[in-house]
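Chemist: My questions all concern the structure below.
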Amino acid sequence: MPADITQPYVYISLQYTWREAQIHCRELHTDLAIVRNQEENRLIQQLIPAGTVAYIGLFRDPYAWSDRSNSSFRNWAWNQPDVLGECVALLESRRWKTEVCSNPKPFICYRSEVVTKRQILRLKVKSGLNGNDPDLKTAILAEIQRRLQKLGEMNVTRLEWREAADGRTRAQ
């Protein structure tokens, strides 16, 4: 499944502490998002649902990026940064605020390189329905896509069925 090469950022709706979010991003992507300019800030903001506050990779040390890069770009909300939190989250207004790192929130990861993955998934569906019914196959692929997105895999660009040599249908 090829990744979307135009979008280096991934919105994760799971509610994690800042440190858990950092671990998640480092395991599955590259790191928590760094923001080097207003355009990157805008790209990230477009991924976040209205009314949501999401962690980015900035934290107080004094303020440093999670991946240790040196972007000096800052976009603080009014009266920020304050002394109440050590981690930074992006607001709906595209401005940043400090947050207590132990408060679970959604977060933004980034990918420094585009990775193309191809994975074959074998399913065994027990049903009285016809397994070759196009509507059933479409519904199954839609549910797989929904579950992948919930896990943060927003950039899955193609899921498809594959016909095996024995005539059985397989999802790919």
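Lettering and numbering for the structure tokens are positional, with chains as A, B, ... in the shown order, residues counted from 1 in each chain, and ligands counted from 1 in the shown order.
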I'd like the contact shell of A:Lys105 - 8 Å cut-off, only C-alpha atoms, skipping same-chain residues fewer than 3 positions apart - returned as a list of chain:residue names.
Modeler: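 Residues meeting the cut-off are A:Ser13, A:Leu14, A:Gln15, A:Tyr16, A:Thr17, A:Trp18, A:Val53, A:Ala54, A:Tyr55.
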Chemist: Can you list every residue in stretch 31-77 of chain A that DSSP puts in strand (DSSP E), as a ChimeraX atom specification?
Modeler: /A:31-32,54-59,64-65
Chemist: So, counting only C-alpha atoms, which residue among A:Val10, A:Ser102, A:Trp78, A:Arg146 is closest to A:Leu28?
Modeler: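 Ranking A:Val10, A:Ser102, A:Trp78, A:Arg146 by distance to A:Leu28, first place goes to A:Val10.
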Chemist: Could you give me, as a Markdown table, every stretch 92-141 of chain A residue with an atom at most 9 Å from stretch 56-73 of chain A, plus its closest atom pair and distance in Å to one decimal, counting only C-alpha atoms, rows ordered by chain then number?
Modeler:
| residue | atom | partner | partner_atom | distance |
| --- | --- | --- | --- | --- |
| A:Thr98 | CA | A:Phe59 | CA | 8.3 |
| A:Cys101 | CA | A:Phe59 | CA | 8.8 |
| A:Phe107 | CA | A:Ile56 | CA | 6.2 |
| A:Ile108 | CA | A:Ile56 | CA | 5.8 |
| A:Cys109 | CA | A:Ile56 | CA | 7.6 |
Chemist: Would you write out those residues with N, CA, C and O atoms, as a CSV table (one decimal), in the first residue's frame?
Modeler:
chain,number,residue,atom,x,y,z
A,98,THR,N,0.8,25.7,26.1
A,98,THR,CA,1.5,24.7,26.9
A,98,THR,C,0.4,23.8,27.5
A,98,THR,O,-0.8,24.2,27.7
A,101,CYS,N,2.0,17.5,30.4
A,101,CYS,CA,2.4,16.4,29.6
A,101,CYS,C,1.6,15.1,29.9
A,101,CYS,O,1.5,14.2,29.0
A,107,PHE,N,-2.6,13.5,18.8
A,107,PHE,CA,-1.3,14.1,18.5
A,107,PHE,C,-1.0,14.0,17.0
A,107,PHE,O,-1.8,13.3,16.3
A,108,ILE,N,0.0,14.7,16.6
A,108,ILE,CA,0.4,14.7,15.2
A,108,ILE,C,1.8,14.1,15.1
A,108,ILE,O,2.8,14.5,15.8
A,109,CYS,N,2.0,13.1,14.2
A,109,CYS,CA,3.3,12.5,14.0
A,109,CYS,C,3.8,13.0,12.6
A,109,CYS,O,3.0,13.5,11.8
Chemist: Can you measure atom CA of A:Val100 to atom CA of A:Ile23 for me? One decimal in Å is fine.
Modeler: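 Those two atoms sit 17.1 Å apart.
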Chemist: Which residue, A:Arg147, A:Arg162, A:Ile12, A:Arg111, has the smallest gap to A:Arg26 when you use only C-alpha atoms?
Modeler: A:Arg111
Chemist: Which distance in Å separates atom CA of A:Glu27 and atom CA of A:Ile140, to one decimal?
Modeler: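 It comes out at 27.7 Å.
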Chemist: Enumerate the residues of stretch 26-149 of chain A with a DSSP assignment of alpha helix (DSSP H), computed from the backbone, and present them as a PDB file with N, CA and C atoms, in the first residue's frame.
Modeler:
ATOM      1  N   ARG A  26       7.478   7.463  17.248  1.00  0.00           N
ATOM      2  CA  ARG A  26       8.812   6.932  16.946  1.00  0.00           C
ATOM      3  C   ARG A  26       8.755   5.471  16.494  1.00  0.00           C
ATOM      4  N   GLU A  27       7.783   4.723  16.983  1.00  0.00           N
ATOM      5  CA  GLU A  27       7.656   3.320  16.583  1.00  0.00           C
ATOM      6  C   GLU A  27       7.027   3.167  15.198  1.00  0.00           C
ATOM      7  N   LEU A  28       6.018   3.997  14.893  1.00  0.00           N
ATOM      8  CA  LEU A  28       5.258   3.795  13.657  1.00  0.00           C
ATOM      9  C   LEU A  28       5.533   4.818  12.565  1.00  0.00           C
ATOM     10  N   GLN A  38       5.048  28.707   8.989  1.00  0.00           N
ATOM     11  CA  GLN A  38       3.588  28.878   9.004  1.00  0.00           C
ATOM     12  C   GLN A  38       2.893  27.882   8.071  1.00  0.00           C
ATOM     13  N   GLU A  39       3.493  27.560   6.950  1.00  0.00           N
ATOM     14  CA  GLU A  39       2.886  26.607   6.009  1.00  0.00           C
ATOM     15  C   GLU A  39       2.762  25.217   6.641  1.00  0.00           C
ATOM     16  N   GLU A  40       3.804  24.750   7.322  1.00  0.00           N
ATOM     17  CA  GLU A  40       3.717  23.455   8.006  1.00  0.00           C
ATOM     18  C   GLU A  40       2.679  23.506   9.120  1.00  0.00           C
ATOM     19  N   ASN A  41       2.604  24.621   9.821  1.00  0.00           N
ATOM     20  CA  ASN A  41       1.594  24.787  10.863  1.00  0.00           C
ATOM     21  C   ASN A  41       0.184  24.667  10.261  1.00  0.00           C
ATOM     22  N   ARG A  42      -0.011  25.278   9.091  1.00  0.00           N
ATOM     23  CA  ARG A  42      -1.302  25.206   8.402  1.00  0.00           C
ATOM     24  C   ARG A  42      -1.619  23.778   7.961  1.00  0.00           C
ATOM     25  N   LEU A  43      -0.635  23.077   7.412  1.00  0.00           N
ATOM     26  CA  LEU A  43      -0.844  21.688   6.978  1.00  0.00           C
ATOM     27  C   LEU A  43      -1.275  20.799   8.146  1.00  0.00           C
ATOM     28  N   ILE A  44      -0.600  20.969   9.271  1.00  0.00           N
ATOM     29  CA  ILE A  44      -0.935  20.183  10.459  1.00  0.00           C
ATOM     30  C   ILE A  44      -2.343  20.521  10.938  1.00  0.00           C
ATOM     31  N   GLN A  45      -2.655  21.804  10.981  1.00  0.00           N
ATOM     32  CA  GLN A  45      -3.963  22.244  11.475  1.00  0.00           C
ATOM     33  C   GLN A  45      -5.099  21.650  10.655  1.00  0.00           C
ATOM     34  N   GLN A  46      -4.894  21.491   9.362  1.00  0.00           N
ATOM     35  CA  GLN A  46      -5.940  20.937   8.501  1.00  0.00           C
ATOM     36  C   GLN A  46      -6.289  19.494   8.859  1.00  0.00           C
ATOM     37  N   LEU A  47      -5.387  18.803   9.524  1.00  0.00           N
ATOM     38  CA  LEU A  47      -5.628  17.406   9.905  1.00  0.00           C
ATOM     39  C   LEU A  47      -6.425  17.268  11.190  1.00  0.00           C
ATOM     40  N   PRO A 134     -20.150  -8.363  -4.757  1.00  0.00           N
ATOM     41  CA  PRO A 134     -19.401  -7.101  -4.789  1.00  0.00           C
ATOM     42  C   PRO A 134     -19.754  -6.157  -3.630  1.00  0.00           C
ATOM     43  N   ASP A 135     -21.017  -6.116  -3.227  1.00  0.00           N
ATOM     44  CA  ASP A 135     -21.413  -5.245  -2.117  1.00  0.00           C
ATOM     45  C   ASP A 135     -20.792  -5.705  -0.802  1.00  0.00           C
ATOM     46  N   LEU A 136     -20.741  -7.006  -0.581  1.00  0.00           N
ATOM     47  CA  LEU A 136     -20.126  -7.546   0.629  1.00  0.00           C
ATOM     48  C   LEU A 136     -18.636  -7.252   0.624  1.00  0.00           C
ATOM     49  N   LYS A 137     -17.976  -7.437  -0.504  1.00  0.00           N
ATOM     50  CA  LYS A 137     -16.544  -7.168  -0.599  1.00  0.00           C
ATOM     51  C   LYS A 137     -16.252  -5.688  -0.352  1.00  0.00           C
ATOM     52  N   THR A 138     -17.072  -4.813  -0.891  1.00  0.00           N
ATOM     53  CA  THR A 138     -16.908  -3.363  -0.670  1.00  0.00           C
ATOM     54  C   THR A 138     -17.085  -3.014   0.799  1.00  0.00           C
ATOM     55  N   ALA A 139     -18.087  -3.609   1.433  1.00  0.00           N
ATOM     56  CA  ALA A 139     -18.343  -3.336   2.856  1.00  0.00           C
ATOM     57  C   ALA A 139     -17.184  -3.812   3.739  1.00  0.00           C
ATOM     58  N   ILE A 140     -16.617  -4.949   3.419  1.00  0.00           N
ATOM     59  CA  ILE A 140     -15.489  -5.483   4.198  1.00  0.00           C
ATOM     60  C   ILE A 140     -14.270  -4.572   4.050  1.00  0.00           C
ATOM     61  N   LEU A 141     -13.961  -4.150   2.818  1.00  0.00           N
ATOM     62  CA  LEU A 141     -12.826  -3.243   2.608  1.00  0.00           C
ATOM     63  C   LEU A 141     -13.052  -1.906   3.314  1.00  0.00           C
ATOM     64  N   ALA A 142     -14.278  -1.402   3.306  1.00  0.00           N
ATOM     65  CA  ALA A 142     -14.583  -0.133   3.985  1.00  0.00           C
ATOM     66  C   ALA A 142     -14.359  -0.260   5.491  1.00  0.00           C
ATOM     67  N   GLU A 143     -14.731  -1.388   6.062  1.00  0.00           N
ATOM     68  CA  GLU A 143     -14.533  -1.598   7.505  1.00  0.00           C
ATOM     69  C   GLU A 143     -13.045  -1.727   7.836  1.00  0.00           C
ATOM     70  N   ILE A 144     -12.281  -2.401   7.002  1.00  0.00           N
ATOM     71  CA  ILE A 144     -10.831  -2.500   7.222  1.00  0.00           C
ATOM     72  C   ILE A 144     -10.215  -1.101   7.155  1.00  0.00           C
ATOM     73  N   GLN A 145     -10.610  -0.307   6.164  1.00  0.00           N
ATOM     74  CA  GLN A 145     -10.105   1.063   6.016  1.00  0.00           C
ATOM     75  C   GLN A 145     -10.447   1.894   7.255  1.00  0.00           C
ATOM     76  N   ARG A 146     -11.662   1.784   7.760  1.00  0.00           N
ATOM     77  CA  ARG A 146     -12.099   2.539   8.935  1.00  0.00           C
ATOM     78  C   ARG A 146     -11.252   2.181  10.149  1.00  0.00           C
ATOM     79  N   ARG A 147     -10.999   0.895  10.335  1.00  0.00           N
ATOM     80  CA  ARG A 147     -10.203   0.456  11.493  1.00  0.00           C
ATOM     81  C   ARG A 147      -8.744   0.885  11.372  1.00  0.00           C
ATOM     82  N   LEU A 148      -8.191   0.856  10.173  1.00  0.00           N
ATOM     83  CA  LEU A 148      -6.825   1.340   9.967  1.00  0.00           C
ATOM     84  C   LEU A 148      -6.728   2.833  10.281  1.00  0.00           C
ATOM     85  N   GLN A 149      -7.718   3.612   9.854  1.00  0.00           N
ATOM     86  CA  GLN A 149      -7.717   5.051  10.134  1.00  0.00           C
ATOM     87  C   GLN A 149      -7.820   5.318  11.627  1.00  0.00           C
TER      88      GLN A 149
END
Chemist: How many Å lie between atom CA of A:Arg36 and atom CA of A:Lys150, rounded to one decimal?
Modeler: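 Computed distance, atom CA of A:Arg36 to atom CA of A:Lys150, equals 27.3 Å.
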Chemist: Could you check which of A:Leu90, A:Ala50, A:Ala21, A:Leu123 is closest to A:Trp161, using only C-alpha atoms?
Modeler: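 The answer is A:Leu123, which sits nearest to A:Trp161.
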